[in-house]
file start.csv (CSV, C-alpha atoms)
chain,number,residue,atom,x,y,z
H,37,MET,CA,102.6,102.7,105.8
H,38,LYS,CA,105.7,101.4,107.5
H,39,ASN,CA,108.9,100.2,105.9
H,40,ASN,CA,111.5,98.3,107.9
H,41,ILE,CA,114.4,99.7,105.7
H,42,LYS,CA,113.5,103.1,106.9
H,43,ASP,CA,113.5,102.2,110.6
H,44,SER,CA,109.8,101.6,110.6
H,45,LYS,CA,109.1,105.3,109.9
H,46,ILE,CA,105.9,106.2,108.2
H,47,ASP,CA,106.0,106.6,104.4
H,48,ILE,CA,104.1,109.8,104.6
H,49,SER,CA,103.6,110.4,100.8
H,50,SER,CA,101.7,107.1,100.5
H,51,LEU,CA,99.0,108.6,102.7
H,52,SER,CA,95.8,110.1,101.3
H,53,LEU,CA,94.7,113.4,102.7
H,54,SER,CA,92.2,111.8,105.0
H,55,GLU,CA,94.8,109.3,106.2
H,56,LEU,CA,97.2,112.2,106.8
H,57,ARG,CA,94.6,114.0,108.9
H,58,GLU,CA,94.2,111.0,111.1
H,59,PHE,CA,98.0,110.6,111.4
H,60,VAL,CA,98.5,114.2,112.4
H,61,ILE,CA,95.9,113.7,115.2
H,62,GLU,CA,97.7,110.5,116.4
H,63,LEU,CA,101.0,112.2,116.3
H,64,SER,CA,99.7,115.1,118.3
H,65,LEU,CA,98.4,112.8,121.0
H,66,LYS,CA,101.5,110.6,121.0
H,67,LEU,CA,103.9,113.5,121.4
H,68,GLY,CA,101.7,115.7,123.6
H,69,ILE,CA,102.0,118.7,121.2
H,70,LYS,CA,99.3,120.8,119.7
H,71,ILE,CA,98.9,120.3,115.9
H,72,GLU,CA,96.0,122.2,114.4
H,73,LYS,CA,93.9,120.3,111.9
H,74,PHE,CA,94.8,122.6,109.0
H,75,ARG,CA,98.4,121.5,109.3
H,76,ALA,CA,97.6,118.3,107.5
H,77,GLU,CA,96.5,120.2,104.4
H,78,GLN,CA,99.7,122.3,104.5
H,79,ILE,CA,101.9,119.2,104.8
H,80,TYR,CA,99.9,117.5,102.0
H,81,LYS,CA,100.4,120.4,99.6
H,82,TRP,CA,104.1,120.5,100.3
H,83,LEU,CA,104.4,116.8,99.5
H,84,ILE,CA,102.5,117.2,96.2
H,85,SER,CA,104.7,120.1,95.3
H,86,GLY,CA,107.8,117.9,95.4
H,87,VAL,CA,109.7,118.7,98.6
H,88,SER,CA,112.3,116.1,99.6
H,89,GLU,CA,112.9,117.3,103.1
H,90,PHE,CA,110.5,118.3,105.9
H,91,ASP,CA,112.6,121.5,106.5
H,92,GLU,CA,111.4,122.8,103.1
H,93,MET,CA,107.9,123.1,104.6
H,94,LYS,CA,108.5,126.7,105.7
H,95,ASN,CA,105.0,127.5,106.9
H,96,VAL,CA,105.0,124.4,109.2
H,97,PRO,CA,106.3,125.1,112.8
H,98,LEU,CA,109.7,123.8,113.7
H,99,ASN,CA,108.4,121.5,116.4
H,100,ILE,CA,106.0,119.8,113.9
H,101,ARG,CA,108.7,119.5,111.3
H,102,THR,CA,111.0,117.9,113.9
H,103,ALA,CA,108.2,115.5,114.9
H,104,LEU,CA,107.7,114.6,111.2
H,105,LYS,CA,111.4,113.9,110.7
H,106,GLU,CA,111.5,111.6,113.7
H,107,ASN,CA,108.4,109.6,112.7
H,108,CYS,CA,108.2,109.8,108.9
H,109,TYR,CA,110.2,109.9,105.7
H,110,ILE,CA,109.6,111.3,102.2
H,111,ALA,CA,110.3,108.8,99.4
H,112,LEU,CA,110.7,111.3,96.5
H,113,PRO,CA,112.9,109.8,93.8
H,114,ALA,CA,116.1,111.7,93.1
H,115,VAL,CA,117.4,112.4,89.6
H,116,GLU,CA,120.4,110.2,89.0
H,117,LYS,CA,120.7,110.9,85.2
H,118,LYS,CA,118.6,112.9,82.7
H,119,PHE,CA,118.6,112.9,78.9
H,120,VAL,CA,116.8,115.4,76.8
H,121,SER,CA,115.9,114.7,73.2
H,122,LYS,CA,117.1,117.3,70.7
H,123,LEU,CA,114.4,116.1,68.3
H,124,ASP,CA,111.2,116.5,70.3
H,125,GLY,CA,112.0,117.5,73.9
H,126,THR,CA,111.3,114.1,75.3
H,127,ILE,CA,113.1,113.6,78.6
H,128,LYS,CA,114.3,110.3,80.0
H,129,TYR,CA,115.0,110.1,83.7
H,130,LEU,CA,117.0,107.6,85.7
H,131,PHE,CA,115.7,108.0,89.3
H,132,ARG,CA,117.5,106.8,92.4
H,133,LEU,CA,115.3,105.6,95.3
H,134,TYR,CA,116.1,105.9,99.0
H,135,ASP,CA,117.6,102.4,99.2
H,136,GLY,CA,119.8,102.9,96.1
H,137,GLU,CA,117.5,101.1,93.6
H,138,CYS,CA,117.1,102.8,90.3
H,139,ILE,CA,114.0,103.1,88.1
H,140,GLU,CA,113.2,105.0,84.9
H,141,SER,CA,110.5,107.5,83.7
H,142,VAL,CA,109.9,109.3,80.5
H,143,PHE,CA,108.4,112.7,80.0
H,144,MET,CA,106.7,113.3,76.6
H,145,ARG,CA,105.0,116.3,75.0
H,146,TYR,CA,101.9,115.9,72.9
H,147,GLU,CA,99.4,118.3,71.5
H,148,HIS,CA,96.8,117.0,74.0
H,149,GLY,CA,99.1,117.5,77.0
H,150,ASN,CA,102.2,116.2,78.7
H,151,THR,CA,102.5,112.5,79.4
H,152,VAL,CA,104.7,110.7,81.9
H,153,CYS,CA,105.5,107.0,81.5
H,154,ILE,CA,106.3,105.6,84.9
H,155,SER,CA,107.7,102.5,86.6
H,156,THR,CA,105.9,100.3,89.1
H,157,GLN,CA,108.7,98.0,90.2
H,158,ALA,CA,112.5,98.0,90.5
H,159,GLY,CA,113.2,95.4,87.8
H,160,CYS,CA,110.7,92.9,86.5
H,161,ARG,CA,110.2,89.2,86.9
H,162,MET,CA,108.0,88.6,83.9
H,163,GLY,CA,110.9,87.6,81.6
H,164,CYS,CA,109.6,88.9,78.3
H,165,ARG,CA,112.4,88.0,75.8
H,166,PHE,CA,112.4,91.3,73.9
H,167,CYS,CA,112.2,93.6,76.9
H,168,ALA,CA,115.1,95.5,78.6
H,169,SER,CA,113.3,95.8,81.9
H,170,THR,CA,113.8,92.2,82.8
H,171,ILE,CA,117.5,91.9,82.0
H,172,SER,CA,118.8,92.8,85.4
H,173,GLY,CA,116.1,90.8,87.3
H,174,PHE,CA,113.6,91.9,89.9
H,175,SER,CA,114.5,93.7,93.1
H,176,ARG,CA,111.3,94.8,94.7
H,177,ASN,CA,107.9,96.5,94.3
H,178,LEU,CA,107.6,100.2,94.5
H,179,THR,CA,105.5,101.8,97.2
H,180,PRO,CA,102.5,104.0,96.2
H,181,SER,CA,104.6,107.1,97.0
H,182,GLU,CA,107.5,106.0,94.8
H,183,ILE,CA,105.1,105.5,91.9
H,184,LEU,CA,103.5,108.9,92.5
H,185,GLY,CA,106.8,110.5,93.2
H,186,GLN,CA,108.0,110.0,89.7
H,187,ILE,CA,105.2,112.3,88.4
H,188,VAL,CA,105.8,114.8,91.2
H,189,ALA,CA,109.6,114.8,90.5
H,190,VAL,CA,109.1,115.2,86.7
H,191,SER,CA,106.6,118.0,87.2
H,192,ARG,CA,108.9,119.8,89.6
H,193,ASP,CA,111.9,119.4,87.3
H,194,THR,CA,110.2,120.5,84.1
H,195,GLY,CA,107.9,123.1,85.7
H,196,GLU,CA,105.1,121.7,83.6
H,197,LYS,CA,101.7,120.3,84.4
H,198,ILE,CA,101.3,116.5,83.8
H,199,SER,CA,98.0,115.7,82.0
H,200,ASN,CA,98.4,112.0,81.3
H,201,VAL,CA,100.0,109.0,83.0
H,202,VAL,CA,101.1,105.7,81.4
H,203,LEU,CA,102.0,102.8,83.7
H,204,MET,CA,104.3,101.2,81.1
H,205,GLY,CA,107.8,101.7,82.4
H,206,ILE,CA,109.9,99.2,84.4
H,207,GLY,CA,107.9,96.4,86.0
H,208,GLU,CA,104.5,94.8,85.7
H,209,PRO,CA,101.8,96.9,87.3
H,210,LEU,CA,99.4,94.0,88.1
H,211,ASP,CA,102.3,92.2,89.8
H,212,ASN,CA,102.3,95.1,92.3
H,213,PHE,CA,98.5,95.2,92.5
H,214,GLU,CA,97.6,96.7,95.9
H,215,ASN,CA,100.3,99.4,95.7
H,216,VAL,CA,99.2,100.4,92.2
H,217,LEU,CA,95.6,100.6,93.3
H,218,LYS,CA,96.6,103.0,96.1
H,219,PHE,CA,98.7,105.0,93.7
H,220,LEU,CA,95.7,105.4,91.4
H,221,GLU,CA,93.7,106.7,94.3
H,222,LEU,CA,96.4,109.2,95.2
H,223,VAL,CA,97.0,110.5,91.7
H,224,ASN,CA,93.3,110.9,91.0
H,225,ALA,CA,92.6,112.8,94.3
H,226,PRO,CA,91.1,116.3,93.6
H,227,GLU,CA,93.2,117.7,96.5
H,228,GLY,CA,96.3,116.2,95.0
H,229,MET,CA,97.5,115.9,91.4
H,230,ASN,CA,93.9,115.5,90.2
H,231,ILE,CA,94.7,113.5,87.1
H,232,GLY,CA,91.5,111.9,85.9
H,233,TYR,CA,91.2,108.1,85.6
H,234,ARG,CA,90.4,108.6,81.9
H,235,HIS,CA,93.9,110.1,81.4
H,236,ILE,CA,95.6,107.1,82.9
H,237,SER,CA,96.7,103.9,81.0
H,238,LEU,CA,97.8,100.7,82.7
H,239,SER,CA,99.8,98.1,80.7
H,240,THR,CA,100.0,94.5,81.7
H,241,CYS,CA,101.6,91.4,80.1
H,242,GLY,CA,98.5,89.4,81.1
H,243,ILE,CA,98.1,88.4,84.8
H,244,VAL,CA,94.6,87.1,84.3
H,245,PRO,CA,93.4,87.0,88.0
H,246,ASN,CA,94.4,90.6,88.5
H,247,ILE,CA,92.8,91.7,85.3
H,248,LEU,CA,89.5,90.3,86.6
H,249,LYS,CA,90.1,91.9,90.0
H,250,LEU,CA,90.8,95.2,88.3
H,251,SER,CA,87.6,94.8,86.4
H,252,GLU,CA,85.6,94.6,89.7
H,253,LYS,CA,87.0,98.0,90.7
H,254,GLN,CA,85.4,99.5,87.5
H,255,LEU,CA,87.9,102.3,87.3
H,256,PRO,CA,87.6,104.2,84.0
H,257,ILE,CA,91.3,103.9,83.1
H,258,THR,CA,92.6,102.5,79.8
H,259,LEU,CA,93.7,98.9,80.1
H,260,SER,CA,96.6,98.1,77.7
H,261,ILE,CA,97.4,94.4,77.1
H,262,SER,CA,100.9,93.6,75.9
H,263,LEU,CA,99.9,90.8,73.5
H,264,HIS,CA,102.7,90.6,70.9
H,265,SER,CA,101.7,87.1,69.7
H,266,THR,CA,98.8,85.4,68.0
H,267,THR,CA,99.4,81.8,69.0
H,268,GLN,CA,99.9,80.1,72.3
H,269,GLU,CA,103.2,78.5,71.3
H,270,GLU,CA,104.7,81.8,70.0
H,271,ARG,CA,103.5,83.7,73.1
H,272,GLU,CA,105.1,81.2,75.4
H,273,ARG,CA,108.4,81.6,73.6
H,274,LEU,CA,108.3,85.4,73.8
H,275,MET,CA,106.4,85.9,77.1
H,276,PRO,CA,106.8,83.3,79.8
H,277,ILE,CA,103.7,84.6,81.6
H,278,ALA,CA,101.7,82.7,78.8
H,279,LYS,CA,102.8,79.4,80.3
H,280,LYS,CA,100.8,80.3,83.4
H,281,TYR,CA,97.9,82.1,81.8
H,282,SER,CA,97.1,81.0,78.3
H,283,LEU,CA,96.2,83.2,75.4
H,284,LYS,CA,92.7,81.8,75.5
H,285,GLU,CA,92.4,82.7,79.2
H,286,LEU,CA,93.8,86.2,78.6
H,287,ILE,CA,91.4,87.0,75.7
H,288,SER,CA,88.5,85.7,77.8
H,289,ALA,CA,89.5,87.9,80.7
H,290,CYS,CA,89.6,90.9,78.4
H,291,ARG,CA,86.1,90.2,77.1
H,292,LYS,CA,84.9,89.9,80.7
H,293,TYR,CA,86.6,93.2,81.6
H,294,ILE,CA,84.8,95.0,78.8
H,295,ASP,CA,81.5,93.3,79.7
H,296,ASN,CA,81.8,94.5,83.3
H,297,GLY,CA,81.8,98.1,82.2
H,298,GLY,CA,85.5,98.5,81.3
H,299,ARG,CA,86.5,101.0,78.6
H,300,ARG,CA,87.9,100.0,75.2
H,301,ILE,CA,91.0,97.9,75.7
H,302,SER,CA,94.2,98.8,73.8
H,303,PHE,CA,96.3,95.8,72.6
H,304,GLU,CA,100.0,96.5,72.4
H,305,TYR,CA,101.7,94.6,69.7
H,306,ALA,CA,105.5,94.9,69.2
H,307,MET,CA,106.4,94.3,65.6
H,308,ILE,CA,109.3,91.9,65.5
H,309,GLU,CA,110.9,91.0,62.2
H,310,ASN,CA,110.2,87.3,61.1
H,311,GLU,CA,108.6,86.6,64.5
H,312,ASN,CA,105.1,87.9,64.6
H,313,ASP,CA,104.7,90.2,61.6
H,314,SER,CA,103.3,88.0,58.9
H,315,LYS,CA,100.0,88.3,57.1
H,316,GLU,CA,98.9,85.2,58.8
H,317,ASP,CA,99.7,86.7,62.2
H,318,ALA,CA,97.6,89.7,61.3
H,319,GLU,CA,94.7,87.5,60.2
H,320,ARG,CA,94.9,85.5,63.5
H,321,LEU,CA,95.0,88.7,65.5
H,322,ALA,CA,91.9,90.0,63.8
H,323,SER,CA,90.1,86.7,64.5
H,324,LEU,CA,91.2,86.8,68.2
H,325,LEU,CA,89.8,90.3,68.7
H,326,SER,CA,86.7,89.9,66.5
H,327,GLY,CA,83.7,91.7,68.0
H,328,MET,CA,85.7,93.2,71.0
H,329,LEU,CA,85.6,96.9,71.9
H,330,CYS,CA,89.3,97.4,71.3
H,331,HIS,CA,92.2,99.2,69.6
H,332,VAL,CA,95.5,97.7,68.4
H,333,ASN,CA,98.7,99.8,68.8
H,334,LEU,CA,101.5,98.5,66.6
H,335,ILE,CA,104.9,99.2,68.1
H,336,PRO,CA,108.0,99.0,66.0
H,337,LEU,CA,110.4,97.1,68.3
H,338,ASN,CA,113.0,99.1,70.1
H,339,THR,CA,116.5,97.6,69.8
H,340,VAL,CA,117.7,96.2,73.1
H,341,SER,CA,121.3,95.5,73.8
H,342,GLY,CA,121.8,91.8,74.5
H,343,ARG,CA,118.7,90.7,72.5
H,344,ASP,CA,118.7,89.4,68.9
H,345,TYR,CA,115.2,90.7,67.9
H,346,ARG,CA,114.9,93.4,65.3
H,347,LYS,CA,112.0,95.6,64.4
H,348,SER,CA,109.8,94.9,61.4
H,349,GLY,CA,110.3,96.9,58.3
H,350,ARG,CA,107.9,99.6,57.1
H,351,ASP,CA,106.4,97.4,54.4
H,352,ALA,CA,105.7,94.6,56.9
H,353,ILE,CA,104.1,97.0,59.4
H,354,LYS,CA,102.0,98.6,56.6
H,355,ARG,CA,100.8,95.1,55.4
H,356,PHE,CA,99.9,94.1,58.9
H,357,MET,CA,98.0,97.3,59.5
H,358,ASN,CA,96.1,96.9,56.2
H,359,VAL,CA,94.9,93.4,57.1
H,360,LEU,CA,93.6,94.5,60.5
H,361,GLU,CA,91.8,97.5,59.0
H,362,SER,CA,90.2,95.3,56.4
H,363,LYS,CA,88.8,93.2,59.2
H,364,GLY,CA,87.3,96.3,61.0
H,365,ILE,CA,90.0,96.5,63.7
H,366,ILE,CA,91.0,100.1,64.7
H,367,VAL,CA,94.7,100.2,64.5
H,368,THR,CA,97.5,102.8,64.9
H,369,VAL,CA,101.3,102.7,64.7
H,370,ARG,CA,103.0,104.2,67.8
H,371,ARG,CA,105.0,107.3,67.0
H,372,ARG,CA,108.4,106.9,68.6
H,373,LEU,CA,109.5,109.9,70.7
H,374,GLY,CA,113.0,110.5,72.0
H,375,SER,CA,114.6,108.2,69.4
H,376,ASP,CA,118.0,110.0,69.9
H,377,ILE,CA,118.0,109.2,73.7
H,378,ASP,CA,116.7,105.7,73.5
H,379,ALA,CA,113.5,106.5,75.5
H,380,SER,CA,112.3,103.0,76.0
H,381,CYS,CA,112.6,101.8,79.6
H,382,GLY,CA,115.0,99.3,81.2
H,383,GLN,CA,118.5,99.9,79.6
H,384,LEU,CA,119.5,102.8,81.8
H,385,ARG,CA,118.8,100.8,85.0
H,386,ALA,CA,120.7,97.8,83.5
H,387,SER,CA,123.7,99.9,82.7
H,388,LYS,CA,123.6,101.5,86.2
H,389,ILE,CA,123.6,98.0,87.9
H,390,SER,CA,126.5,96.9,85.7
H,391,GLU,CA,128.5,99.8,86.9
H,392,ASN,CA,128.2,98.8,90.6
call {"tool": "encode", "arguments": {"input": "start.csv", "output": "structure tokens"}}
result
Amino acid sequence: MKNNIKDSKIDISSLSLSELREFVIELSLKLGIKIEKFRAEQIYKWLISGVSEFDEMKNVPLNIRTALKENCYIALPAVEKKFVSKLDGTIKYLFRLYDGECIESVFMRYEHGNTVCISTQAGCRMGCRFCASTISGFSRNLTPSEILGQIVAVSRDTGEKISNVVLMGIGEPLDNFENVLKFLELVNAPEGMNIGYRHISLSTCGIVPNILKLSEKQLPITLSISLHSTTQEERERLMPIAKKYSLKELISACRKYIDNGGRRISFEYAMIENENDSKEDAERLASLLSGMLCHVNLIPLNTVSGRDYRKSGRDAIKRFMNVLESKGIIVTVRRRLGSDIDASCGQLRASKISEN
């Protein structure tokens, strides 16, 4: 993949192993140097290990490394800032990309394995009123290698294996559809990070056409829908995407996704005081999801600087949960990790931009 900002060099980490094999052959012919076939596997392993420079590939001959430097680049994110929670070991990263853009990722430890929440765009253009990711606007999509590179960089920095991936950081994954699909291929590759699709969750605010396109791929990932409202009017106020794709269209697409072989959908619902946390809201939500193979994840809202919304109280969340359970809806309340380091995404990037 070529990128004009990088002088049309090849984004080598966005290549699959088979594509890298083809590229090595082309490079060999182009430069008139002999490059053995097994060199592609060596290079690929170095990239997955988290090298940031070709000269770190010590078992690759100098002439090949020189050729790679002249024709390719490695887009591994660099750690700009890092915050470690004293409460639970959660780590929040502000990563700097090759062009100076910044994104955020979060490393979380669970009993079932380590999870990384990653970004898919530098900024976001969805405009959700309660979200920090959209405050500084949208800059650009991330390449497959930049999405993958967050996992590689976190694994290298912590020295720990990553078992689960959540595409729920900065950006809207389905607004960067093709690059996200390529990332899913790369992260699932047995010769690469080998993270199974069933251990990957993708969150979307509701880009209906791309939900349907994703359904056609029949990937056994977990689809998470950022719902947050039970009426069209309220959703339009909180989430501008609803003006383009209605609540009715979104729920219909979700039902089609499941009917087409998709796994159980997770509906993310941010609990916002006096906005969407009434008993009537809970009853409407249960009605919307009636008969659907799904799970509701209630999220006490994270406080965002510059926003007036506040999280619902414990009693309101408990009441909401009880209504859903009484209607046969499976529901959980998200446990907040890294509360002492503000582990929700978006605010670090915004503060970094304001510094410049």
call {"tool": "closest_residue", "arguments": {"input": "start.csv", "among": "H:Ser169, H:Thr126, H:Thr368, H:Ser314", "to": "H:Gly349", "atoms": "all atoms listed in the file"}}
result
H:Ser314
call {"tool": "atom_distance", "arguments": {"input": "start.csv", "atom1": "atom CA of H:Leu67", "atom2": "atom CA of H:Trp82"}}
result
22.2 Å
call {"tool": "residues_around", "arguments": {"input": "start.csv", "residues": "H:Glu140", "least_positions_apart": "5", "cutoff": "6 Å", "atoms": "all atoms listed in the file", "output": "PyMOL selection string"}}
result
chain H and resi 129-131
call {"tool": "residues_around", "arguments": {"input": "start.csv", "residues": "H:Asn212", "least_positions_apart": "2", "cutoff": "9 Å", "atoms": "only C-alpha atoms", "output": "PyMOL selection string"}}
result
chain H and resi 156-157+177-179+207-210+214-217
call {"tool": "write_last_selection", "arguments": {"input": "start.csv", "atoms": "C-alpha atoms", "output": "PDB file, keeping the file's coordinate frame"}}
result
ATOM      1  CA  THR H 156     105.900 100.300  89.100  1.00  0.00           C
ATOM      2  CA  GLN H 157     108.700  98.000  90.200  1.00  0.00           C
ATOM      3  CA  ASN H 177     107.900  96.500  94.300  1.00  0.00           C
ATOM      4  CA  LEU H 178     107.600 100.200  94.500  1.00  0.00           C
ATOM      5  CA  THR H 179     105.500 101.800  97.200  1.00  0.00           C
ATOM      6  CA  GLY H 207     107.900  96.400  86.000  1.00  0.00           C
ATOM      7  CA  GLU H 208     104.500  94.800  85.700  1.00  0.00           C
ATOM      8  CA  PRO H 209     101.800  96.900  87.300  1.00  0.00           C
ATOM      9  CA  LEU H 210      99.400  94.000  88.100  1.00  0.00           C
ATOM     10  CA  GLU H 214      97.600  96.700  95.900  1.00  0.00           C
ATOM     11  CA  ASN H 215     100.300  99.400  95.700  1.00  0.00           C
ATOM     12  CA  VAL H 216      99.200 100.400  92.200  1.00  0.00           C
ATOM     13  CA  LEU H 217      95.600 100.600  93.300  1.00  0.00           C
TER      14      LEU H 217
END
call {"tool": "closest_residue", "arguments": {"input": "start.csv", "among": "H:Val87, H:Ala158, H:Val223, H:Leu283", "to": "H:Gln268", "atoms": "only C-alpha atoms"}}
result
H:Leu283
call {"tool": "closest_residue", "arguments": {"input": "start.csv", "among": "H:Gly86, H:Arg132, H:Tyr146, H:Ile206", "to": "H:Lys118", "atoms": "all atoms listed in the file"}}
result
H:Arg132
call {"tool": "residues_around", "arguments": {"input": "start.csv", "residues": "H:Leu360", "least_positions_apart": "6", "cutoff": "10 Å", "atoms": "all atoms listed in the file", "output": "PyMOL selection string"}}
result
chain H and resi 315+318-323+325+332+366-367
call {"tool": "write_last_selection", "arguments": {"input": "start.csv", "atoms": "C-alpha atoms", "output": "PDB file, in the frame of the given file"}}
result
ATOM      1  CA  LYS H 315     100.000  88.300  57.100  1.00  0.00           C
ATOM      2  CA  ALA H 318      97.600  89.700  61.300  1.00  0.00           C
ATOM      3  CA  GLU H 319      94.700  87.500  60.200  1.00  0.00           C
ATOM      4  CA  ARG H 320      94.900  85.500  63.500  1.00  0.00           C
ATOM      5  CA  LEU H 321      95.000  88.700  65.500  1.00  0.00           C
ATOM      6  CA  ALA H 322      91.900  90.000  63.800  1.00  0.00           C
ATOM      7  CA  SER H 323      90.100  86.700  64.500  1.00  0.00           C
ATOM      8  CA  LEU H 325      89.800  90.300  68.700  1.00  0.00           C
ATOM      9  CA  VAL H 332      95.500  97.700  68.400  1.00  0.00           C
ATOM     10  CA  ILE H 366      91.000 100.100  64.700  1.00  0.00           C
ATOM     11  CA  VAL H 367      94.700 100.200  64.500  1.00  0.00           C
TER      12      VAL H 367
END
call {"tool": "residues_around", "arguments": {"input": "start.csv", "residues": "H:Leu373", "least_positions_apart": "5", "cutoff": "12 Å", "atoms": "only C-alpha atoms", "output": "list in words"}}
result
Val120, Ser121, Lys122, Leu123, Asp124, Gly125, Thr126, Ile127, Lys128, Val142, Phe143, Met144, Arg145, Tyr146, Thr151, Cys153, Ile335, Pro336, Asn338, Asp378, Ala379 and Ser380 of chain H
call {"tool": "closest_residue", "arguments": {"input": "start.csv", "among": "H:Cys138, H:Cys290, H:Ile46, H:Met328", "to": "H:Ser155", "atoms": "all atoms listed in the file"}}
result
H:Cys138
